[in-house]
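Text of work08.tsv, listed as TSV, C-alpha atoms and all ligand atoms:
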```
chain	number	residue	atom	x	y	z
Z	630	MET	CA	88.51	120.78	92.13
Z	631	ALA	CA	88.61	117.08	92.96
Z	632	GLU	CA	87.38	115.72	89.66
Z	633	GLY	CA	88.74	112.67	87.80
Z	634	ASP	CA	91.70	114.56	86.34
Z	635	SER	CA	92.85	116.08	89.63
Z	636	ILE	CA	92.57	112.72	91.41
Z	637	ARG	CA	94.76	111.21	88.70
Z	638	ARG	CA	97.32	113.94	89.20
Z	639	LEU	CA	97.21	113.32	92.95
Z	640	ALA	CA	97.67	109.56	92.44
Z	641	ALA	CA	100.71	110.21	90.22
Z	642	ARG	CA	102.18	112.65	92.73
Z	643	LEU	CA	101.74	110.24	95.65
Z	644	SER	CA	103.07	107.33	93.60
Z	645	SER	CA	106.29	109.18	92.85
Z	646	SER	CA	106.78	110.39	96.41
Z	647	VAL	CA	105.76	107.51	98.69
Z	648	ALA	CA	104.90	104.38	96.66
Z	649	GLY	CA	107.37	101.54	97.24
Z	650	ARG	CA	108.06	102.76	100.78
Z	651	GLU	CA	107.49	100.98	104.04
Z	652	VAL	CA	105.33	102.44	106.80
Z	653	ALA	CA	107.39	103.24	109.90
Z	654	ALA	CA	104.47	104.40	112.02
Z	655	ALA	CA	100.81	104.98	111.32
Z	656	GLN	CA	97.45	105.72	112.77
Z	657	PHE	CA	94.10	104.94	111.23
Z	658	ARG	CA	91.18	106.26	113.24
Z	659	ARG	CA	87.94	104.39	113.09
Z	660	GLY	CA	85.09	105.07	115.50
Z	661	GLY	CA	84.35	102.19	117.84
Z	662	GLU	CA	86.31	99.54	115.94
Z	663	VAL	CA	89.84	98.23	116.39
Z	664	PRO	CA	91.95	100.44	114.13
Z	665	PRO	CA	93.88	98.58	111.43
Z	666	ARG	CA	97.66	98.53	111.86
Z	667	PHE	CA	100.01	99.50	109.03
Z	668	GLU	CA	103.47	99.49	110.66
Z	669	GLY	CA	105.88	97.47	108.48
Z	670	ASP	CA	103.43	97.40	105.58
Z	671	LYS	CA	104.56	98.62	102.18
Z	672	LEU	CA	102.59	100.99	99.96
Z	673	LEU	CA	102.76	99.34	96.55
Z	674	GLU	CA	100.88	101.80	94.37
Z	675	VAL	CA	98.34	104.60	94.28
Z	676	ALA	CA	95.60	104.44	91.67
Z	677	ALA	CA	92.66	106.62	90.65
Z	678	VAL	CA	89.31	105.22	89.58
Z	679	GLY	CA	86.90	107.99	88.67
Z	680	LYS	CA	87.04	110.41	91.60
Z	681	HIS	CA	88.15	107.67	94.02
Z	682	LEU	CA	91.70	107.13	95.26
Z	683	LEU	CA	93.02	103.61	95.99
Z	684	MET	CA	96.25	103.04	97.92
Z	685	ARG	CA	97.29	99.41	97.63
Z	686	PHE	CA	99.47	97.91	100.34
Z	687	GLY	CA	101.66	94.80	100.38
Z	688	SER	CA	99.32	93.20	102.93
Z	689	ALA	CA	96.64	92.95	100.19
Z	690	ARG	CA	94.70	95.79	101.78
Z	691	THR	CA	93.56	98.94	100.00
Z	692	VAL	CA	92.95	102.30	101.64
Z	693	HIS	CA	90.01	103.79	99.76
Z	694	SER	CA	89.29	107.51	99.94
Z	695	HIS	CA	87.08	110.08	98.27
Z	696	LEU	CA	87.88	113.77	98.71
Z	697	ARG	CA	84.49	115.24	97.78
Z	698	MET	CA	84.72	119.02	98.31
Z	699	GLN	CA	86.78	119.22	101.49
Z	700	GLY	CA	89.15	116.26	101.82
Z	701	SER	CA	92.88	116.30	101.06
Z	702	TRP	CA	95.96	114.08	101.24
Z	703	ARG	CA	99.01	116.04	102.32
Z	704	ILE	CA	102.64	115.09	102.79
Z	705	HIS	CA	104.17	116.58	105.92
Z	706	ARG	CA	107.77	116.74	107.08
Z	707	PRO	CA	109.25	113.53	108.58
Z	708	GLY	CA	108.18	112.99	112.17
Z	709	TRP	CA	105.05	115.15	111.81
Z	710	ARG	CA	102.10	114.22	114.01
Z	711	PRO	CA	98.67	115.87	113.91
Z	712	GLY	CA	98.42	118.55	116.58
Z	713	PRO	CA	95.23	120.03	117.97
Z	714	ALA	CA	95.33	122.79	115.33
Z	715	ALA	CA	95.47	120.34	112.39
Z	716	ASP	CA	92.34	119.78	110.34
Z	717	ARG	CA	90.52	116.61	111.27
Z	718	VAL	CA	93.05	113.87	110.40
Z	719	GLY	CA	91.48	110.46	109.72
Z	720	ALA	CA	94.72	108.63	109.05
Z	721	TRP	CA	98.44	109.24	108.74
Z	722	PHE	CA	101.31	107.10	107.50
Z	723	ASP	CA	104.90	107.94	108.41
Z	724	PHE	CA	107.21	106.74	105.64
Z	725	GLY	CA	110.38	108.06	107.19
Z	726	PRO	CA	112.48	110.45	105.09
Z	727	PRO	CA	109.90	111.30	102.40
Z	728	GLY	CA	107.53	112.40	105.15
Z	729	VAL	CA	104.15	111.69	106.64
Z	730	LEU	CA	101.14	111.18	104.40
Z	731	ALA	CA	97.98	112.37	106.13
Z	732	ALA	CA	94.28	112.40	105.24
Z	733	HIS	CA	92.73	115.71	106.24
Z	734	ALA	CA	88.95	116.13	106.60
Z	735	MET	CA	88.45	113.07	104.41
Z	736	PRO	CA	84.72	112.34	104.06
Z	737	VAL	CA	85.24	108.77	102.79
Z	738	LEU	CA	88.12	106.77	104.24
Z	739	GLN	CA	88.09	103.00	104.69
Z	740	VAL	CA	90.19	99.86	104.38
Z	741	VAL	CA	89.02	97.09	102.03
Z	742	PRO	CA	90.75	93.89	100.92
Z	743	THR	CA	92.51	94.65	97.62
Z	744	ALA	CA	90.71	91.66	96.12
Z	745	ARG	CA	87.42	93.35	97.07
Z	746	GLU	CA	87.95	96.88	95.77
Z	747	ASP	CA	84.59	96.41	94.07
Z	748	LEU	CA	83.08	97.16	97.50
Z	749	ALA	CA	84.44	100.69	97.06
Z	750	VAL	CA	84.29	101.31	93.32
Z	751	GLY	CA	82.21	98.47	91.84
Z	752	HIS	CA	79.20	100.74	91.39
Z	753	LEU	CA	81.06	103.10	89.06
Z	754	GLY	CA	80.50	103.37	85.33
Z	755	PRO	CA	83.48	103.40	82.93
Z	756	ASP	CA	86.18	105.91	83.87
Z	757	ILE	CA	86.27	108.72	81.32
Z	758	LEU	CA	90.06	108.97	81.64
Z	759	THR	CA	90.93	105.30	81.05
Z	760	ASP	CA	93.01	104.47	77.99
Z	761	ASP	CA	90.26	102.38	76.43
Z	762	TRP	CA	87.63	105.12	76.85
Z	763	PRO	CA	86.66	105.42	73.16
Z	764	THR	CA	85.71	101.74	73.17
Z	765	ALA	CA	84.05	101.99	76.57
Z	766	ALA	CA	82.01	105.03	75.58
Z	767	PRO	CA	79.14	103.31	73.72
Z	768	ALA	CA	78.26	101.45	76.91
Z	769	VAL	CA	77.05	104.70	78.44
Z	770	ALA	CA	74.97	105.84	75.47
Z	771	ALA	CA	71.83	104.67	77.23
Z	772	ILE	CA	72.05	107.14	80.11
Z	773	PRO	CA	68.65	107.16	81.88
Z	774	GLY	CA	66.15	109.89	81.01
Z	775	ARG	CA	67.18	112.65	83.34
Z	776	ARG	CA	68.48	116.10	82.66
Z	777	ILE	CA	71.81	115.80	80.91
Z	778	ARG	CA	73.78	117.65	83.60
Z	779	GLU	CA	72.53	115.23	86.27
Z	780	ALA	CA	73.13	112.16	84.09
Z	781	LEU	CA	76.73	113.26	83.50
Z	782	LEU	CA	77.35	113.74	87.23
Z	783	ASP	CA	75.92	110.34	88.19
Z	784	GLN	CA	79.12	108.32	88.66
Z	785	ARG	CA	77.22	105.07	88.01
Z	786	ASN	CA	76.90	106.18	84.37
Z	787	VAL	CA	80.40	107.57	83.82
Z	788	ALA	CA	83.09	107.92	86.49
Z	789	GLY	CA	85.34	110.95	86.83
Z	790	ILE	CA	83.26	113.89	85.59
Z	791	GLY	CA	82.57	116.53	88.23
Z	792	ASN	CA	80.53	119.71	88.12
Z	793	LEU	CA	83.27	121.87	86.60
Z	794	TRP	CA	83.77	119.64	83.56
Z	795	THR	CA	80.00	119.12	83.22
Z	796	VAL	CA	79.28	122.85	83.17
Z	797	GLU	CA	82.17	123.73	80.87
Z	798	GLY	CA	81.71	120.68	78.62
Z	799	LEU	CA	78.03	121.44	78.03
Z	800	PHE	CA	78.97	124.99	77.05
Z	801	VAL	CA	81.57	123.80	74.55
Z	802	ALA	CA	79.11	121.20	73.19
Z	803	GLY	CA	76.41	123.91	72.92
Z	804	VAL	CA	73.93	121.92	75.01
Z	805	TRP	CA	71.44	123.50	77.45
Z	806	PRO	CA	72.21	121.80	80.81
Z	807	HIS	CA	68.52	121.20	81.62
Z	808	THR	CA	67.85	119.27	78.40
Z	809	PRO	CA	66.47	115.76	79.07
Z	810	ALA	CA	69.35	113.34	78.49
Z	811	ALA	CA	67.24	111.35	76.02
Z	812	ARG	CA	67.17	114.38	73.68
Z	813	VAL	CA	70.96	114.85	73.74
Z	814	ASP	CA	73.65	113.23	71.59
Z	815	VAL	CA	75.29	111.80	74.71
Z	816	PRO	CA	78.30	110.12	73.03
Z	817	GLN	CA	79.13	113.43	71.34
Z	818	VAL	CA	78.93	115.35	74.64
Z	819	LEU	CA	81.04	112.68	76.37
Z	820	ASP	CA	83.58	112.92	73.57
Z	821	VAL	CA	83.85	116.69	74.08
Z	822	ILE	CA	84.27	116.31	77.85
Z	823	ALA	CA	86.77	113.44	77.49
Z	824	ARG	CA	88.92	115.55	75.14
Z	825	MET	CA	88.77	118.57	77.44
Z	826	MET	CA	89.68	116.51	80.52
Z	827	ARG	CA	92.56	114.77	78.76
Z	828	LEU	CA	93.95	118.06	77.59
Z	829	GLY	CA	93.62	119.42	81.13
Z	830	LEU	CA	95.32	116.34	82.56
Z	831	ARG	CA	98.21	116.67	80.12
Z	832	ASN	CA	98.63	120.38	80.75
Z	833	GLY	CA	98.08	120.11	84.50
Z	834	THR	CA	95.25	122.64	84.55
Z	835	GLN	CA	91.47	122.85	84.85
Z	836	ALA	CA	91.39	125.96	82.67
Z	837	THR	CA	88.97	125.21	79.83
Z	838	THR	CA	89.41	128.36	77.76
Z	839	GLY	CA	93.11	127.84	77.10
Z	840	ASP	CA	93.70	131.16	78.87
Z	841	LEU	CA	95.52	130.76	82.17
Z	842	ARG	CA	95.17	134.39	83.26
Z	843	LYS	CA	93.22	134.94	86.48
Z	844	GLY	CA	89.49	135.31	85.82
Z	845	ARG	CA	89.78	134.01	82.25
Z	846	THR	CA	90.14	130.27	82.84
Z	847	HIS	CA	86.49	129.25	82.35
Z	848	TRP	CA	83.73	129.84	79.82
Z	849	VAL	CA	80.70	129.94	82.10
Z	850	TYR	CA	81.54	128.26	85.43
Z	851	GLY	CA	81.11	130.76	88.29
Z	852	ARG	CA	80.34	133.59	85.82
Z	853	TYR	CA	76.70	134.42	86.63
Z	854	ARG	CA	75.58	137.64	84.89
Z	855	ARG	CA	79.00	138.19	83.34
Z	856	PRO	CA	79.09	138.43	79.53
Z	857	CYS	CA	79.54	135.21	77.55
Z	858	ARG	CA	83.06	135.09	76.11
Z	859	ARG	CA	81.64	134.17	72.72
Z	860	CYS	CA	78.45	136.25	72.33
Z	861	SER	CA	78.36	138.68	75.31
Z	862	THR	CA	74.94	137.40	76.50
Z	863	PRO	CA	74.81	137.47	80.34
Z	864	ILE	CA	75.53	134.01	81.78
Z	865	ALA	CA	72.55	132.32	83.46
Z	866	PHE	CA	72.64	130.33	86.71
Z	867	SER	CA	70.52	127.82	88.57
Z	868	PRO	CA	71.28	126.83	92.18
Z	869	ALA	CA	71.78	123.30	93.46
Z	870	GLY	CA	68.60	121.32	94.10
Z	871	PRO	CA	67.76	118.71	96.74
Z	872	THR	CA	68.85	115.60	94.83
Z	873	PRO	CA	72.52	114.49	94.89
Z	874	TYR	CA	73.35	115.24	91.25
Z	875	ASP	CA	71.32	118.43	91.01
Z	876	ARG	CA	74.33	120.77	91.33
Z	877	GLU	CA	74.65	124.48	90.69
Z	878	THR	CA	74.82	125.23	86.99
Z	879	TRP	CA	75.84	128.06	84.69
Z	880	TRP	CA	75.15	128.41	80.96
Z	881	CYS	CA	74.88	130.90	78.14
Z	882	PRO	CA	71.22	131.23	77.04
Z	883	HIS	CA	72.35	132.09	73.50
Z	884	CYS	CA	75.15	129.55	72.93
Z	885	GLN	CA	73.23	126.80	74.78
Z	886	PRO	CA	69.60	127.36	73.75
Z	887	ALA	CA	66.78	125.25	75.20
Z	888	PRO	CA	65.58	122.68	72.61
Z	889	GLY	CA	63.01	124.16	70.29
Z	890	GLU	CA	64.33	127.70	70.67
Z	891	ALA	CA	66.17	129.42	67.87
Z	892	SER	CA	69.81	130.02	68.56
M	901	ZN	ZN	77.17	132.84	74.43
```

Using structure tokens, write down the structure from this file.
Amino acid sequence: MAEGDSIRRLAARLSSSVAGREVAAAQFRRGGEVPPRFEGDKLLEVAAVGKHLLMRFGSARTVHSHLRMQGSWRIHRPGWRPGPAADRVGAWFDFGPPGVLAAHAMPVLQVVPTAREDLAVGHLGPDILTDDWPTAAPAVAAIPGRRIREALLDQRNVAGIGNLWTVEGLFVAGVWPHTPAARVDVPQVLDVIARMMRLGLRNGTQATTGDLRKGRTHWVYGRYRRPCRRCSTPIAFSPAGPTPYDRETWWCPHCQPAPGEAS
């Protein structure tokens, strides 16, 4: 899933394969406007900020993208061009021998001046995967009074946490996902999630249980009505709601009791 850790892995992969290379041919599709040209430009580096990907070019332009659920960057063989059967391709960059980097079904794809990357990512809270996270963490202690799961997903509070890490992190922290954020020890929950994500990033996996076998990788995510791995209570589920951060949620009613209930 395209959460902060997987975007970091993608940035590292693209950096090692195409950063430092010059664009031989490119196409950037933009409805109605003159498409920006990239021929002869050099891709300097690829960076991740939260769940956003920034590709910085020598021309002081940055290609900003966000994968959401469906987007992907893929590297195709040299000389590849999108055919009619290809997924919707918003942009492609032909780097010669390493291949052609293409944005497939990318929901957010734009060019901003590198000096104005704030236009793309300036609204984000501190990135949970940055090196100075422990010092940045207190800044987010005052998360507004919403349900904790929604506060964690709001990228303006903390950048990089997606639904998978929210659901699994709240299980490990023993917090009922519908608890008002004001009643939760938010720094402690963020610490749990930050540790889990870092471990996942290091190990190259989003398995949270430490068990990589199929069907055993997660504590509660996607496990509605299946027995909790700790206490065998059937896992509960609530569907996504109408607001942007009200995502589908799973929890164990015993390990994550509602406040005021005995555990
Ligand atoms: Zn349980």

Select the residues contacting ligand ZN 901 (chain M) at a distance of at most 6 Å, based on only C-alpha atoms and all ligand atoms, then format the selection as a list in words.
-> Cys857, Arg859, Cys860, Thr862, Cys881, His883 and Cys884 of chain Z

Could the residues of region 794-827 of chain Z that have an atom at most 10 Å from region 870-878 of chain Z be listed as a Markdown table, each with its closest atom pair and the distance in Å to one decimal, counting only C-alpha atoms and ordered by chain and ascending residue number?
```
| residue | atom | partner | partner_atom | distance |
| --- | --- | --- | --- | --- |
| Z:Thr795 | CA | Z:Thr878 | CA | 8.9 |
| Z:Val796 | CA | Z:Thr878 | CA | 6.3 |
| Z:Glu797 | CA | Z:Thr878 | CA | 9.7 |
| Z:Pro806 | CA | Z:Thr878 | CA | 7.5 |
| Z:His807 | CA | Z:Thr878 | CA | 9.2 |
```

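For the pair CA of Trp848 (chain Z) and CA of Val818 (chain Z), the interatomic distance is 16.1 Å.
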
Given all atoms listed in the file as the counted atoms, nearest of Z:Trp721, Z:Ala631, Z:Pro707, Z:Gly669 to Gln656 (chain Z) = Z:Trp721

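Interatomic distance, CA of Leu781 (chain Z) to CA of Leu799 (chain Z): 9.9 Å.
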
Within 9 Å of Ala734 (chain Z), counting all atoms listed in the file, which residues qualify if same-chain residues fewer than 5 places away don't, as a VMD selection string?
-> chain Z and resid 696 699 to 701 716 to 719

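CA of Leu643 (chain Z) is found 9.3 Å from CA of Ala676 (chain Z).
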
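You can rank Z:Gly889, Z:Val737, Z:Lys843, Z:Leu748 by their closest distance to Trp805 (chain Z) using all atoms listed in the file, and at the top of that list sits Z:Gly889.
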
Pick from Z:Leu758, Z:Ser645, Z:Pro882, Z:Pro856: nearest to Leu828 (chain Z), with all atoms listed in the file counted?
-> Z:Leu758

Of the candidates Z:Pro736, Z:Gly754, Z:Gly708, Z:Gly791, which one gets nearest to Ser635 (chain Z) if we count all atoms listed in the file?
-> Z:Gly791

Arg855 (chain Z) environment, 12 Å, only C-alpha atoms, sequence neighbours closer than 4 positions dropped, as an NGL selection string = :Z and (844-845 or 847-851 or 859-866 or 879-881)

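With only C-alpha atoms as the atoms that count, the residue of Z:Trp702, Z:Leu793, Z:Leu682, Z:Arg778 with the shortest distance to Met826 (chain Z) is Z:Leu793.
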
Selection: 10 Å around Glu746 (chain Z), only C-alpha atoms, excl. self and same-chain fewer than 5 positions, as a ChimeraX atom specification = /Z:683,685,690-693,740-741,751

Using all atoms listed in the file, the residue out of Z:Val801, Z:Met684, Z:Leu672, Z:Leu841 with shortest distance to Glu651 (chain Z) is Z:Leu672

With all heavy atoms as the atom set, please write region 639-652 of chain Z from the structure just given, as a PDB file, in the first residue's frame.
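Final output, selection-v2.pdb:
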```pdb
ATOM      1  N   LEU Z 639      10.042   3.445  -2.903  1.00  0.00           N
ATOM      2  CA  LEU Z 639       9.950   3.774  -4.324  1.00  0.00           C
ATOM      3  C   LEU Z 639      10.961   4.859  -4.690  1.00  0.00           C
ATOM      4  O   LEU Z 639      11.669   4.761  -5.703  1.00  0.00           O
ATOM      5  CB  LEU Z 639       8.515   4.242  -4.650  1.00  0.00           C
ATOM      6  CG  LEU Z 639       8.267   4.774  -6.052  1.00  0.00           C
ATOM      7  CD1 LEU Z 639       8.483   3.679  -7.101  1.00  0.00           C
ATOM      8  CD2 LEU Z 639       6.834   5.318  -6.177  1.00  0.00           C
ATOM      9  N   ALA Z 640      11.059   5.902  -3.847  1.00  0.00           N
ATOM     10  CA  ALA Z 640      12.009   6.989  -4.112  1.00  0.00           C
ATOM     11  C   ALA Z 640      13.434   6.450  -4.177  1.00  0.00           C
ATOM     12  O   ALA Z 640      14.222   6.822  -5.054  1.00  0.00           O
ATOM     13  CB  ALA Z 640      11.888   8.072  -3.034  1.00  0.00           C
ATOM     14  N   ALA Z 641      13.773   5.534  -3.274  1.00  0.00           N
ATOM     15  CA  ALA Z 641      15.127   4.966  -3.259  1.00  0.00           C
ATOM     16  C   ALA Z 641      15.370   4.128  -4.523  1.00  0.00           C
ATOM     17  O   ALA Z 641      16.445   4.188  -5.125  1.00  0.00           O
ATOM     18  CB  ALA Z 641      15.304   4.100  -2.017  1.00  0.00           C
ATOM     19  N   ARG Z 642      14.343   3.382  -4.917  1.00  0.00           N
ATOM     20  CA  ARG Z 642      14.482   2.527  -6.101  1.00  0.00           C
ATOM     21  C   ARG Z 642      14.672   3.388  -7.362  1.00  0.00           C
ATOM     22  O   ARG Z 642      15.546   3.116  -8.190  1.00  0.00           O
ATOM     23  CB  ARG Z 642      13.224   1.650  -6.237  1.00  0.00           C
ATOM     24  CG  ARG Z 642      13.326   0.552  -7.264  1.00  0.00           C
ATOM     25  CD  ARG Z 642      12.231  -0.492  -7.067  1.00  0.00           C
ATOM     26  NE  ARG Z 642      10.880   0.029  -7.242  1.00  0.00           N
ATOM     27  CZ  ARG Z 642      10.295   0.194  -8.428  1.00  0.00           C
ATOM     28  NH1 ARG Z 642      10.934  -0.125  -9.539  1.00  0.00           N
ATOM     29  NH2 ARG Z 642       9.063   0.671  -8.519  1.00  0.00           N
ATOM     30  N   LEU Z 643      13.862   4.454  -7.477  1.00  0.00           N
ATOM     31  CA  LEU Z 643      13.972   5.318  -8.657  1.00  0.00           C
ATOM     32  C   LEU Z 643      15.289   6.087  -8.635  1.00  0.00           C
ATOM     33  O   LEU Z 643      15.911   6.303  -9.683  1.00  0.00           O
ATOM     34  CB  LEU Z 643      12.785   6.285  -8.731  1.00  0.00           C
ATOM     35  CG  LEU Z 643      11.413   5.636  -8.929  1.00  0.00           C
ATOM     36  CD1 LEU Z 643      10.326   6.696  -9.002  1.00  0.00           C
ATOM     37  CD2 LEU Z 643      11.381   4.769 -10.186  1.00  0.00           C
ATOM     38  N   SER Z 644      15.724   6.495  -7.449  1.00  0.00           N
ATOM     39  CA  SER Z 644      17.001   7.211  -7.349  1.00  0.00           C
ATOM     40  C   SER Z 644      18.133   6.349  -7.882  1.00  0.00           C
ATOM     41  O   SER Z 644      18.986   6.807  -8.638  1.00  0.00           O
ATOM     42  CB  SER Z 644      17.299   7.577  -5.893  1.00  0.00           C
ATOM     43  OG  SER Z 644      16.491   8.655  -5.510  1.00  0.00           O
ATOM     44  N   SER Z 645      18.140   5.078  -7.476  1.00  0.00           N
ATOM     45  CA  SER Z 645      19.258   4.229  -7.895  1.00  0.00           C
ATOM     46  C   SER Z 645      19.165   3.857  -9.362  1.00  0.00           C
ATOM     47  O   SER Z 645      20.179   3.582  -9.998  1.00  0.00           O
ATOM     48  CB  SER Z 645      19.346   2.980  -7.022  1.00  0.00           C
ATOM     49  OG  SER Z 645      18.199   2.195  -7.184  1.00  0.00           O
ATOM     50  N   SER Z 646      17.964   3.856  -9.945  1.00  0.00           N
ATOM     51  CA  SER Z 646      17.881   3.430 -11.338  1.00  0.00           C
ATOM     52  C   SER Z 646      17.959   4.585 -12.338  1.00  0.00           C
ATOM     53  O   SER Z 646      18.602   4.441 -13.377  1.00  0.00           O
ATOM     54  CB  SER Z 646      16.610   2.604 -11.576  1.00  0.00           C
ATOM     55  OG  SER Z 646      15.488   3.264 -11.061  1.00  0.00           O
ATOM     56  N   VAL Z 647      17.324   5.713 -12.055  1.00  0.00           N
ATOM     57  CA  VAL Z 647      17.303   6.770 -13.085  1.00  0.00           C
ATOM     58  C   VAL Z 647      17.827   8.145 -12.645  1.00  0.00           C
ATOM     59  O   VAL Z 647      18.025   9.007 -13.497  1.00  0.00           O
ATOM     60  CB  VAL Z 647      15.888   6.937 -13.708  1.00  0.00           C
ATOM     61  CG1 VAL Z 647      15.560   5.761 -14.605  1.00  0.00           C
ATOM     62  CG2 VAL Z 647      14.811   7.108 -12.650  1.00  0.00           C
ATOM     63  N   ALA Z 648      18.063   8.357 -11.345  1.00  0.00           N
ATOM     64  CA  ALA Z 648      18.566   9.679 -10.941  1.00  0.00           C
ATOM     65  C   ALA Z 648      19.968   9.897 -11.510  1.00  0.00           C
ATOM     66  O   ALA Z 648      20.758   8.962 -11.625  1.00  0.00           O
ATOM     67  CB  ALA Z 648      18.582   9.813  -9.423  1.00  0.00           C
ATOM     68  N   GLY Z 649      20.260  11.138 -11.886  1.00  0.00           N
ATOM     69  CA  GLY Z 649      21.544  11.468 -12.501  1.00  0.00           C
ATOM     70  C   GLY Z 649      21.529  11.290 -14.005  1.00  0.00           C
ATOM     71  O   GLY Z 649      22.536  11.560 -14.671  1.00  0.00           O
ATOM     72  N   ARG Z 650      20.419  10.842 -14.554  1.00  0.00           N
ATOM     73  CA  ARG Z 650      20.341  10.585 -15.998  1.00  0.00           C
ATOM     74  C   ARG Z 650      19.622  11.725 -16.715  1.00  0.00           C
ATOM     75  O   ARG Z 650      18.781  12.407 -16.142  1.00  0.00           O
ATOM     76  CB  ARG Z 650      19.565   9.299 -16.263  1.00  0.00           C
ATOM     77  CG  ARG Z 650      20.096   8.122 -15.514  1.00  0.00           C
ATOM     78  CD  ARG Z 650      20.664   7.130 -16.471  1.00  0.00           C
ATOM     79  NE  ARG Z 650      21.337   6.058 -15.770  1.00  0.00           N
ATOM     80  CZ  ARG Z 650      22.233   5.276 -16.336  1.00  0.00           C
ATOM     81  NH1 ARG Z 650      22.580   5.473 -17.591  1.00  0.00           N
ATOM     82  NH2 ARG Z 650      22.798   4.298 -15.670  1.00  0.00           N
ATOM     83  N   GLU Z 651      19.963  11.848 -17.977  1.00  0.00           N
ATOM     84  CA  GLU Z 651      19.352  12.887 -18.802  1.00  0.00           C
ATOM     85  C   GLU Z 651      18.158  12.319 -19.567  1.00  0.00           C
ATOM     86  O   GLU Z 651      18.175  11.160 -19.986  1.00  0.00           O
ATOM     87  CB  GLU Z 651      20.401  13.412 -19.786  1.00  0.00           C
ATOM     88  CG  GLU Z 651      20.051  14.763 -20.355  1.00  0.00           C
ATOM     89  CD  GLU Z 651      21.276  15.412 -21.004  1.00  0.00           C
ATOM     90  OE1 GLU Z 651      22.146  15.940 -20.259  1.00  0.00           O
ATOM     91  OE2 GLU Z 651      21.352  15.381 -22.229  1.00  0.00           O
ATOM     92  N   VAL Z 652      17.148  13.146 -19.749  1.00  0.00           N
ATOM     93  CA  VAL Z 652      15.935  12.722 -20.457  1.00  0.00           C
ATOM     94  C   VAL Z 652      16.175  12.816 -21.962  1.00  0.00           C
ATOM     95  O   VAL Z 652      16.487  13.890 -22.482  1.00  0.00           O
ATOM     96  CB  VAL Z 652      14.743  13.623 -20.062  1.00  0.00           C
ATOM     97  CG1 VAL Z 652      13.482  13.212 -20.813  1.00  0.00           C
ATOM     98  CG2 VAL Z 652      14.511  13.578 -18.555  1.00  0.00           C
TER      99      VAL Z 652
END
```
